[in-house]
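K.L.:
What follows is the file protein.txt, containing compact mmCIF, N, CA and C atoms:
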# COMPACT_ATOMS: atom_id res chain seq x y z
N MET A 1 16.15 31.54 31.57
CA MET A 1 16.26 32.75 30.81
C MET A 1 16.12 33.95 31.74
N LEU A 2 16.98 34.91 31.62
CA LEU A 2 16.91 36.13 32.41
C LEU A 2 15.91 37.08 31.79
N THR A 3 15.02 37.64 32.62
CA THR A 3 14.04 38.60 32.13
C THR A 3 13.89 39.73 33.15
N PRO A 4 13.58 40.93 32.68
CA PRO A 4 13.36 42.04 33.61
C PRO A 4 11.98 41.91 34.28
N THR A 5 11.86 42.55 35.43
CA THR A 5 10.60 42.57 36.16
C THR A 5 10.19 44.02 36.36
N ARG A 6 8.96 44.34 36.03
CA ARG A 6 8.46 45.71 36.23
C ARG A 6 7.28 45.66 37.19
N VAL A 7 7.34 46.51 38.21
CA VAL A 7 6.26 46.57 39.19
C VAL A 7 5.98 48.03 39.54
N ARG A 8 4.81 48.27 40.10
CA ARG A 8 4.48 49.57 40.67
C ARG A 8 4.55 49.43 42.19
N PHE A 9 5.19 50.40 42.85
CA PHE A 9 5.27 50.33 44.31
C PHE A 9 3.88 50.18 44.93
N ASP A 10 2.90 50.93 44.40
CA ASP A 10 1.57 50.88 45.01
C ASP A 10 0.86 49.55 44.76
N ALA A 11 1.44 48.69 43.92
CA ALA A 11 0.86 47.36 43.70
C ALA A 11 1.48 46.31 44.62
N LEU A 12 2.56 46.66 45.30
CA LEU A 12 3.23 45.72 46.20
C LEU A 12 2.48 45.63 47.53
N ALA A 13 2.56 44.49 48.17
CA ALA A 13 1.93 44.31 49.48
C ALA A 13 2.54 45.26 50.50
N VAL A 14 1.70 45.78 51.37
CA VAL A 14 2.14 46.69 52.44
C VAL A 14 2.23 45.91 53.73
N ASP A 15 3.34 46.10 54.46
CA ASP A 15 3.40 45.58 55.82
C ASP A 15 3.70 46.74 56.76
N GLN A 16 3.40 46.54 58.03
CA GLN A 16 3.60 47.55 59.05
C GLN A 16 4.38 46.93 60.20
N PRO A 17 5.71 46.87 60.09
CA PRO A 17 6.52 46.23 61.12
C PRO A 17 6.56 47.00 62.44
N MET A 18 6.09 48.25 62.43
CA MET A 18 6.04 49.06 63.65
C MET A 18 5.02 50.18 63.46
N PRO A 19 4.57 50.81 64.56
CA PRO A 19 3.58 51.88 64.43
C PRO A 19 4.10 53.04 63.58
N LEU A 20 3.20 53.69 62.86
CA LEU A 20 3.47 54.88 62.06
C LEU A 20 4.42 54.62 60.89
N LEU A 21 4.55 53.37 60.46
CA LEU A 21 5.45 53.04 59.37
C LEU A 21 4.78 52.03 58.45
N GLU A 22 4.80 52.31 57.14
CA GLU A 22 4.30 51.38 56.14
C GLU A 22 5.42 51.08 55.16
N ARG A 23 5.54 49.81 54.77
CA ARG A 23 6.67 49.40 53.92
C ARG A 23 6.18 48.51 52.80
N ARG A 24 6.76 48.74 51.62
CA ARG A 24 6.57 47.88 50.45
C ARG A 24 7.96 47.47 50.00
N ARG A 25 8.17 46.20 49.72
CA ARG A 25 9.52 45.75 49.36
C ARG A 25 9.52 44.93 48.08
N LEU A 26 10.62 45.07 47.36
CA LEU A 26 10.90 44.24 46.21
C LEU A 26 12.27 43.61 46.48
N ILE A 27 12.29 42.29 46.59
CA ILE A 27 13.50 41.59 46.98
C ILE A 27 14.07 40.85 45.77
N GLY A 28 15.31 41.20 45.43
CA GLY A 28 16.00 40.55 44.32
C GLY A 28 17.01 39.56 44.83
N GLU A 29 17.86 39.11 43.92
CA GLU A 29 18.87 38.11 44.27
C GLU A 29 20.01 38.72 45.09
N LYS A 30 20.44 39.95 44.76
CA LYS A 30 21.60 40.55 45.42
C LYS A 30 21.31 41.89 46.08
N ALA A 31 20.09 42.38 45.95
CA ALA A 31 19.72 43.65 46.57
C ALA A 31 18.22 43.67 46.83
N MET A 32 17.81 44.60 47.66
CA MET A 32 16.41 44.76 48.02
C MET A 32 16.13 46.25 48.11
N ILE A 33 14.95 46.66 47.65
CA ILE A 33 14.54 48.04 47.78
C ILE A 33 13.23 48.09 48.57
N SER A 34 13.19 49.01 49.52
CA SER A 34 12.00 49.19 50.34
C SER A 34 11.48 50.60 50.14
N HIS A 35 10.20 50.73 49.83
CA HIS A 35 9.53 52.02 49.74
C HIS A 35 8.84 52.18 51.09
N ILE A 36 9.30 53.15 51.87
CA ILE A 36 8.83 53.28 53.25
C ILE A 36 8.18 54.64 53.45
N THR A 37 7.00 54.61 54.05
CA THR A 37 6.34 55.83 54.49
C THR A 37 6.42 55.85 56.01
N LEU A 38 7.04 56.90 56.53
CA LEU A 38 7.10 57.12 57.98
C LEU A 38 6.24 58.34 58.27
N PHE A 39 5.25 58.17 59.11
CA PHE A 39 4.39 59.29 59.45
C PHE A 39 5.04 60.09 60.57
N LYS A 40 4.76 61.39 60.58
CA LYS A 40 5.38 62.30 61.55
C LYS A 40 5.31 61.70 62.95
N GLY A 41 6.45 61.72 63.63
CA GLY A 41 6.54 61.16 64.98
C GLY A 41 7.00 59.72 65.03
N CYS A 42 7.08 59.05 63.89
CA CYS A 42 7.56 57.67 63.88
C CYS A 42 9.00 57.63 64.35
N VAL A 43 9.29 56.76 65.30
CA VAL A 43 10.66 56.59 65.79
C VAL A 43 11.10 55.16 65.52
N VAL A 44 12.14 55.02 64.73
CA VAL A 44 12.76 53.72 64.49
C VAL A 44 13.88 53.60 65.51
N PRO A 45 13.76 52.68 66.47
CA PRO A 45 14.76 52.60 67.53
C PRO A 45 16.14 52.21 67.02
N LEU A 46 17.14 52.49 67.83
CA LEU A 46 18.52 52.16 67.49
C LEU A 46 18.62 50.66 67.18
N HIS A 47 19.21 50.35 66.05
CA HIS A 47 19.37 48.96 65.63
C HIS A 47 20.57 48.88 64.68
N ARG A 48 20.93 47.70 64.33
CA ARG A 48 21.98 47.46 63.34
C ARG A 48 21.64 46.19 62.58
N HIS A 49 22.20 46.09 61.40
CA HIS A 49 22.00 44.89 60.58
C HIS A 49 23.22 44.74 59.69
N GLU A 50 23.43 43.53 59.23
CA GLU A 50 24.60 43.24 58.40
C GLU A 50 24.51 43.90 57.03
N ASN A 51 23.31 44.20 56.58
CA ASN A 51 23.11 44.76 55.25
C ASN A 51 23.74 46.15 55.14
N GLU A 52 24.36 46.43 54.01
CA GLU A 52 24.72 47.79 53.65
C GLU A 52 23.42 48.47 53.24
N GLN A 53 23.25 49.75 53.58
CA GLN A 53 21.98 50.43 53.32
C GLN A 53 22.22 51.81 52.71
N PHE A 54 21.41 52.15 51.71
CA PHE A 54 21.36 53.50 51.16
C PHE A 54 19.94 54.00 51.39
N SER A 55 19.80 55.13 52.09
CA SER A 55 18.49 55.73 52.32
C SER A 55 18.37 56.97 51.44
N ILE A 56 17.38 56.95 50.55
CA ILE A 56 17.16 58.03 49.58
C ILE A 56 15.86 58.73 49.96
N LEU A 57 15.97 59.99 50.39
CA LEU A 57 14.79 60.73 50.83
C LEU A 57 14.04 61.29 49.62
N ILE A 58 12.80 60.87 49.46
CA ILE A 58 11.95 61.34 48.37
C ILE A 58 11.20 62.59 48.81
N SER A 59 10.68 62.57 50.03
CA SER A 59 9.97 63.73 50.57
C SER A 59 10.04 63.67 52.09
N GLY A 60 9.84 64.83 52.72
CA GLY A 60 9.81 64.88 54.17
C GLY A 60 11.17 65.15 54.78
N ALA A 61 11.31 64.78 56.05
CA ALA A 61 12.56 65.00 56.79
C ALA A 61 12.73 63.87 57.80
N LEU A 62 13.91 63.29 57.82
CA LEU A 62 14.22 62.15 58.67
C LEU A 62 15.50 62.42 59.41
N ARG A 63 15.42 62.41 60.74
CA ARG A 63 16.60 62.68 61.58
C ARG A 63 17.21 61.35 62.00
N PHE A 64 18.49 61.17 61.66
CA PHE A 64 19.23 59.95 62.01
C PHE A 64 20.15 60.23 63.19
N THR A 65 20.24 59.27 64.09
CA THR A 65 21.23 59.29 65.16
C THR A 65 21.99 57.97 65.11
N PHE A 66 23.18 57.98 65.70
CA PHE A 66 24.07 56.83 65.58
C PHE A 66 24.60 56.33 66.91
N THR A 67 24.12 56.89 68.01
CA THR A 67 24.54 56.47 69.35
C THR A 67 23.32 56.41 70.26
N GLU A 68 23.47 55.74 71.37
CA GLU A 68 22.41 55.69 72.38
C GLU A 68 22.14 57.10 72.89
N PRO A 69 20.89 57.43 73.21
CA PRO A 69 20.59 58.75 73.78
C PRO A 69 21.45 59.02 75.01
N GLY A 70 22.00 60.22 75.08
CA GLY A 70 22.83 60.60 76.21
C GLY A 70 24.29 60.22 76.08
N GLN A 71 24.63 59.42 75.08
CA GLN A 71 26.02 59.02 74.85
C GLN A 71 26.68 60.01 73.90
N PRO A 72 27.98 60.29 74.10
CA PRO A 72 28.66 61.22 73.18
C PRO A 72 28.80 60.61 71.78
N ALA A 73 28.68 61.46 70.79
CA ALA A 73 28.85 61.02 69.40
C ALA A 73 30.27 61.29 68.98
N GLY A 74 30.95 60.29 68.46
CA GLY A 74 32.32 60.45 67.99
C GLY A 74 32.37 61.25 66.70
N PRO A 75 33.57 61.47 66.20
CA PRO A 75 33.74 62.21 64.94
C PRO A 75 32.94 61.58 63.80
N GLY A 76 32.20 62.40 63.08
CA GLY A 76 31.41 61.92 61.95
C GLY A 76 30.14 61.21 62.35
N MET A 77 29.85 61.13 63.64
CA MET A 77 28.69 60.36 64.12
C MET A 77 27.62 61.26 64.74
N GLN A 78 27.70 62.57 64.49
CA GLN A 78 26.70 63.48 65.03
C GLN A 78 25.36 63.22 64.34
N PRO A 79 24.26 63.50 65.04
CA PRO A 79 22.94 63.36 64.40
C PRO A 79 22.86 64.20 63.15
N MET A 80 22.06 63.74 62.18
CA MET A 80 21.88 64.52 60.95
C MET A 80 20.45 64.37 60.47
N THR A 81 19.96 65.44 59.85
CA THR A 81 18.62 65.44 59.27
C THR A 81 18.74 65.40 57.76
N LEU A 82 18.08 64.41 57.16
CA LEU A 82 18.05 64.29 55.71
C LEU A 82 16.74 64.85 55.20
N ARG A 83 16.81 65.48 54.03
CA ARG A 83 15.63 66.05 53.39
C ARG A 83 15.57 65.53 51.94
N ALA A 84 14.47 65.83 51.28
CA ALA A 84 14.24 65.34 49.92
C ALA A 84 15.45 65.60 49.04
N GLY A 85 15.84 64.59 48.27
CA GLY A 85 16.96 64.70 47.34
C GLY A 85 18.28 64.29 47.93
N GLU A 86 18.31 63.97 49.23
CA GLU A 86 19.58 63.56 49.86
C GLU A 86 19.61 62.05 50.05
N VAL A 87 20.84 61.53 50.08
CA VAL A 87 21.07 60.09 50.24
C VAL A 87 22.05 59.89 51.39
N LEU A 88 21.76 58.90 52.23
CA LEU A 88 22.64 58.54 53.33
C LEU A 88 23.11 57.11 53.11
N HIS A 89 24.42 56.89 53.15
CA HIS A 89 24.99 55.54 53.06
C HIS A 89 25.30 55.06 54.47
N LEU A 90 24.78 53.90 54.82
CA LEU A 90 25.03 53.29 56.13
C LEU A 90 25.76 51.97 55.90
N PRO A 91 27.04 51.90 56.29
CA PRO A 91 27.75 50.62 56.16
C PRO A 91 27.08 49.55 57.03
N GLY A 92 27.25 48.31 56.67
CA GLY A 92 26.71 47.21 57.47
C GLY A 92 27.20 47.28 58.90
N ASN A 93 26.32 46.94 59.84
CA ASN A 93 26.58 46.87 61.28
C ASN A 93 26.76 48.22 61.96
N LEU A 94 26.49 49.33 61.27
CA LEU A 94 26.55 50.65 61.91
C LEU A 94 25.25 50.88 62.68
N PRO A 95 25.31 51.09 63.99
CA PRO A 95 24.08 51.37 64.75
C PRO A 95 23.45 52.66 64.24
N HIS A 96 22.13 52.66 64.10
CA HIS A 96 21.43 53.86 63.66
C HIS A 96 19.97 53.81 64.11
N ALA A 97 19.43 55.01 64.30
CA ALA A 97 18.02 55.19 64.63
C ALA A 97 17.51 56.34 63.78
N ALA A 98 16.19 56.47 63.66
CA ALA A 98 15.63 57.54 62.84
C ALA A 98 14.32 58.01 63.45
N GLU A 99 14.03 59.30 63.21
CA GLU A 99 12.76 59.89 63.64
C GLU A 99 12.22 60.73 62.49
N ALA A 100 10.95 60.50 62.15
CA ALA A 100 10.30 61.28 61.09
C ALA A 100 9.86 62.62 61.67
N LEU A 101 10.46 63.71 61.19
CA LEU A 101 10.12 65.05 61.66
C LEU A 101 8.85 65.56 60.99
N GLU A 102 8.48 64.93 59.90
CA GLU A 102 7.22 65.19 59.18
C GLU A 102 6.91 63.93 58.40
N ASP A 103 5.75 63.85 57.79
CA ASP A 103 5.46 62.68 56.96
C ASP A 103 6.56 62.55 55.91
N THR A 104 7.12 61.36 55.79
CA THR A 104 8.34 61.17 55.00
C THR A 104 8.22 59.92 54.13
N ILE A 105 8.75 60.01 52.92
CA ILE A 105 8.87 58.84 52.05
C ILE A 105 10.35 58.64 51.76
N VAL A 106 10.81 57.43 51.97
CA VAL A 106 12.21 57.09 51.76
C VAL A 106 12.29 55.78 50.97
N LEU A 107 13.27 55.71 50.08
CA LEU A 107 13.60 54.44 49.42
C LEU A 107 14.87 53.94 50.09
N ASP A 108 14.80 52.76 50.67
CA ASP A 108 15.98 52.13 51.28
C ASP A 108 16.42 51.00 50.37
N VAL A 109 17.69 51.01 50.01
CA VAL A 109 18.28 49.94 49.21
C VAL A 109 19.21 49.16 50.13
N PHE A 110 19.02 47.85 50.20
CA PHE A 110 19.81 46.99 51.06
C PHE A 110 20.55 45.96 50.21
N SER A 111 21.78 45.69 50.60
CA SER A 111 22.54 44.61 49.99
C SER A 111 23.38 43.95 51.08
N PRO A 112 23.33 42.66 51.21
CA PRO A 112 22.47 41.73 50.48
C PRO A 112 21.02 41.86 50.95
N PRO A 113 20.09 41.29 50.19
CA PRO A 113 18.69 41.32 50.60
C PRO A 113 18.49 40.39 51.78
N SER A 114 17.43 40.63 52.53
CA SER A 114 17.08 39.73 53.62
C SER A 114 15.58 39.84 53.89
N ALA A 115 15.01 38.82 54.44
CA ALA A 115 13.58 38.84 54.75
C ALA A 115 13.28 39.80 55.88
N THR A 116 14.28 40.09 56.71
CA THR A 116 14.09 41.01 57.83
C THR A 116 15.24 42.02 57.85
N THR A 117 14.95 43.16 58.46
CA THR A 117 15.99 44.17 58.72
C THR A 117 15.88 44.53 60.20
N GLY A 118 16.61 45.54 60.62
CA GLY A 118 16.62 45.91 62.04
C GLY A 118 15.25 46.22 62.61
N ILE A 119 14.35 46.80 61.82
CA ILE A 119 13.04 47.15 62.37
C ILE A 119 12.16 45.92 62.57
N ASP A 120 12.51 44.79 61.97
CA ASP A 120 11.75 43.56 62.16
C ASP A 120 12.20 42.78 63.39
N ARG A 121 13.33 43.15 63.93
CA ARG A 121 13.93 42.36 65.02
C ARG A 121 13.73 42.98 66.39
N ARG A 122 12.72 43.83 66.54
CA ARG A 122 12.51 44.52 67.82
C ARG A 122 12.12 43.55 68.89
I'd like the structure from this file rewritten - as structure tokens, please.

P.N.:
Amino acid sequence: MLTPTRVRFDALAVDQPMPLLERRRLIGEKAMISHITLFKGCVVPLHRHENEQFSILISGALRFTFTEPGQPAGPGMQPMTLRAGEVLHLPGNLPHAAEALEDTIVLDVFSPPSATTGIDRR
């Protein structure tokens, strides 16, 4: 029988896959949502993953880059800063990195779900 599931983010287990970052995840059959707190100065290194990703900024500011430092950015690949209320779509396998310019809360939606993402594979 199919039934809905209701949870509170603050009731989910917290993991810390890297310094200055706390994550709570709810993993479904075809998608996964991560509630992530990045503290100011947190740097998520350049990585990629097969999952399609939507990053929804709840609060704070998160600067995304899409190329190695010092490498030229092609059209549409310039660094961008997301702020509360904005959403960034990242197609699967697109290299990306992020830096928290202030304490930031983001909801990341991944499809398909996976036990690990790019930040777990450092």

K.L.:
By how many Å are atom CA of A:Ser111 and atom CA of A:Thr81 apart?

P.N.:
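Calculated distance between atom CA of A:Ser111 and atom CA of A:Thr81 is 23.1 Å.
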
K.L.:
Quick one: pick out all strand (DSSP E or B) residues within chain A from a backbone DSSP run and write them as a PyMOL selection string.

P.N.:
chain A and resi 15+21-27+32-38+43-47+52-59+61-65+80-83+87-90+96-100+104-111

K.L.:
I'd like the interatomic distance between atom CA of A:Leu26 and atom CA of A:Leu12, to a tenth of an Å.

P.N.:
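Between atom CA of A:Leu26 and atom CA of A:Leu12 the gap is 7.8 Å.
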
K.L.:
Give me, as a list in words, all polymer residues having an atom no more than 7 Å from A:Ser114, counting all atoms listed in the file and skipping those fewer than 2 positions away in the same chain.

P.N.:
Ile27, Ala31, Met32, Phe110, Ser111, Pro112, Thr116 and Thr117 of chain A

K.L.:
Identify, on the basis of all atoms listed in the file, every residue whose closest approach to A:Glu102 does not exceed 6.5 Å; exclude the query and any residue fewer than 3 positions from it along the same chain; express the result as JSON, numbers by chain.

P.N.:
{"A": [38, 39, 40, 41, 60, 61, 62, 99]}

K.L.:
Neighbours of A:Phe54 within 6.5 Å (only N, CA and C atoms; same-chain residues fewer than 6 positions away dropped), as a PyMOL selection string?

P.N.:
chain A and resi 87-90+107-110

K.L.:
Could you write those residues out with N, CA and C atoms, as a CSV table (one decimal), keeping the file's coordinate frame?

P.N.:
chain,number,residue,atom,x,y,z
A,87,VAL,N,20.8,61.5,50.1
A,87,VAL,CA,21.1,60.1,50.2
A,87,VAL,C,22.0,59.9,51.4
A,88,LEU,N,21.8,58.9,52.2
A,88,LEU,CA,22.6,58.5,53.3
A,88,LEU,C,23.1,57.1,53.1
A,89,HIS,N,24.4,56.9,53.2
A,89,HIS,CA,25.0,55.5,53.1
A,89,HIS,C,25.3,55.1,54.5
A,90,LEU,N,24.8,53.9,54.8
A,90,LEU,CA,25.0,53.3,56.1
A,90,LEU,C,25.8,52.0,55.9
A,107,LEU,N,13.3,55.7,50.1
A,107,LEU,CA,13.6,54.4,49.4
A,107,LEU,C,14.9,53.9,50.1
A,108,ASP,N,14.8,52.8,50.7
A,108,ASP,CA,16.0,52.1,51.3
A,108,ASP,C,16.4,51.0,50.4
A,109,VAL,N,17.7,51.0,50.0
A,109,VAL,CA,18.3,49.9,49.2
A,109,VAL,C,19.2,49.2,50.1
A,110,PHE,N,19.0,47.8,50.2
A,110,PHE,CA,19.8,47.0,51.1
A,110,PHE,C,20.6,46.0,50.2

K.L.:
Counting only C-alpha atoms, what is within 8 Å of A:Val14, bar same-chain residues fewer than 6 positions away, as a VMD selection string?

P.N.:
chain A and resid 22 to 24

K.L.:
For each of A:Arg83, A:Ser34, A:Ile58, A:Pro113, take the minimum atom-to-atom distance to A:Ala13, counting only C-alpha atoms, then give the residue where this is smallest.

P.N.:
A:Ser34

K.L.:
Using all atoms listed in the file, which of the listed residues (A:Ala73, A:Thr67, A:Glu50, A:Met80) sits closest to A:Asn93?

P.N.:
A:Glu50

K.L.:
Out of A:Arg48, A:Ile36, A:Arg8, A:Ala98, which residue has the shortest atom-to-atom distance to A:Phe64 when counting only N, CA and C atoms?

P.N.:
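Smallest distance to A:Phe64 is found for A:Ala98.
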
K.L.:
May I ask for the distance between atom N of A:Ala84 and atom N of A:Pro45, given in Å to one decimal place?

P.N.:
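Straight-line distance from atom N of A:Ala84 to atom N of A:Pro45 works out to 20.1 Å.
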
K.L.:
May I have the residues within 10 Å of A:Asp120 as an MDAnalysis selection string, using only C-alpha atoms and disregarding those fewer than 6 positions away in the same chain?

P.N.:
chainID A and resid 16:18 47

K.L.:
Which residue gives the smallest distance to A:Ile56 among A:Glu86, A:Asp15, A:Glu68, A:Asp10, with all atoms listed in the file counted?

P.N.:
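Among A:Glu86, A:Asp15, A:Glu68, A:Asp10, it is A:Glu86 that comes nearest to A:Ile56.
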
K.L.:
With distances taken over only C-alpha atoms, which residue among A:Met1, A:Pro91, A:Asp103, A:Val7 lies nearest A:His49?

P.N.:
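Of all the options, A:Pro91 lies closest to A:His49.
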
K.L.:
I'd like to know which of A:Pro19, A:Gly85, A:Val106, A:Gly28 is closest to A:Cys42, using only N, CA and C atoms.

P.N.:
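Using only N, CA and C atoms, the shortest distance to A:Cys42 belongs to A:Pro19.
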
K.L.:
I need the residues in chain A that are helix (DSSP H, G or I) according to DSSP; give them as a list of chain:residue names.

P.N.:
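Taking chain A and keeping helix (DSSP H, G or I) gives A:Phe9, A:Asp10, A:Ala11, A:Gly118, A:Ile119, A:Asp120.
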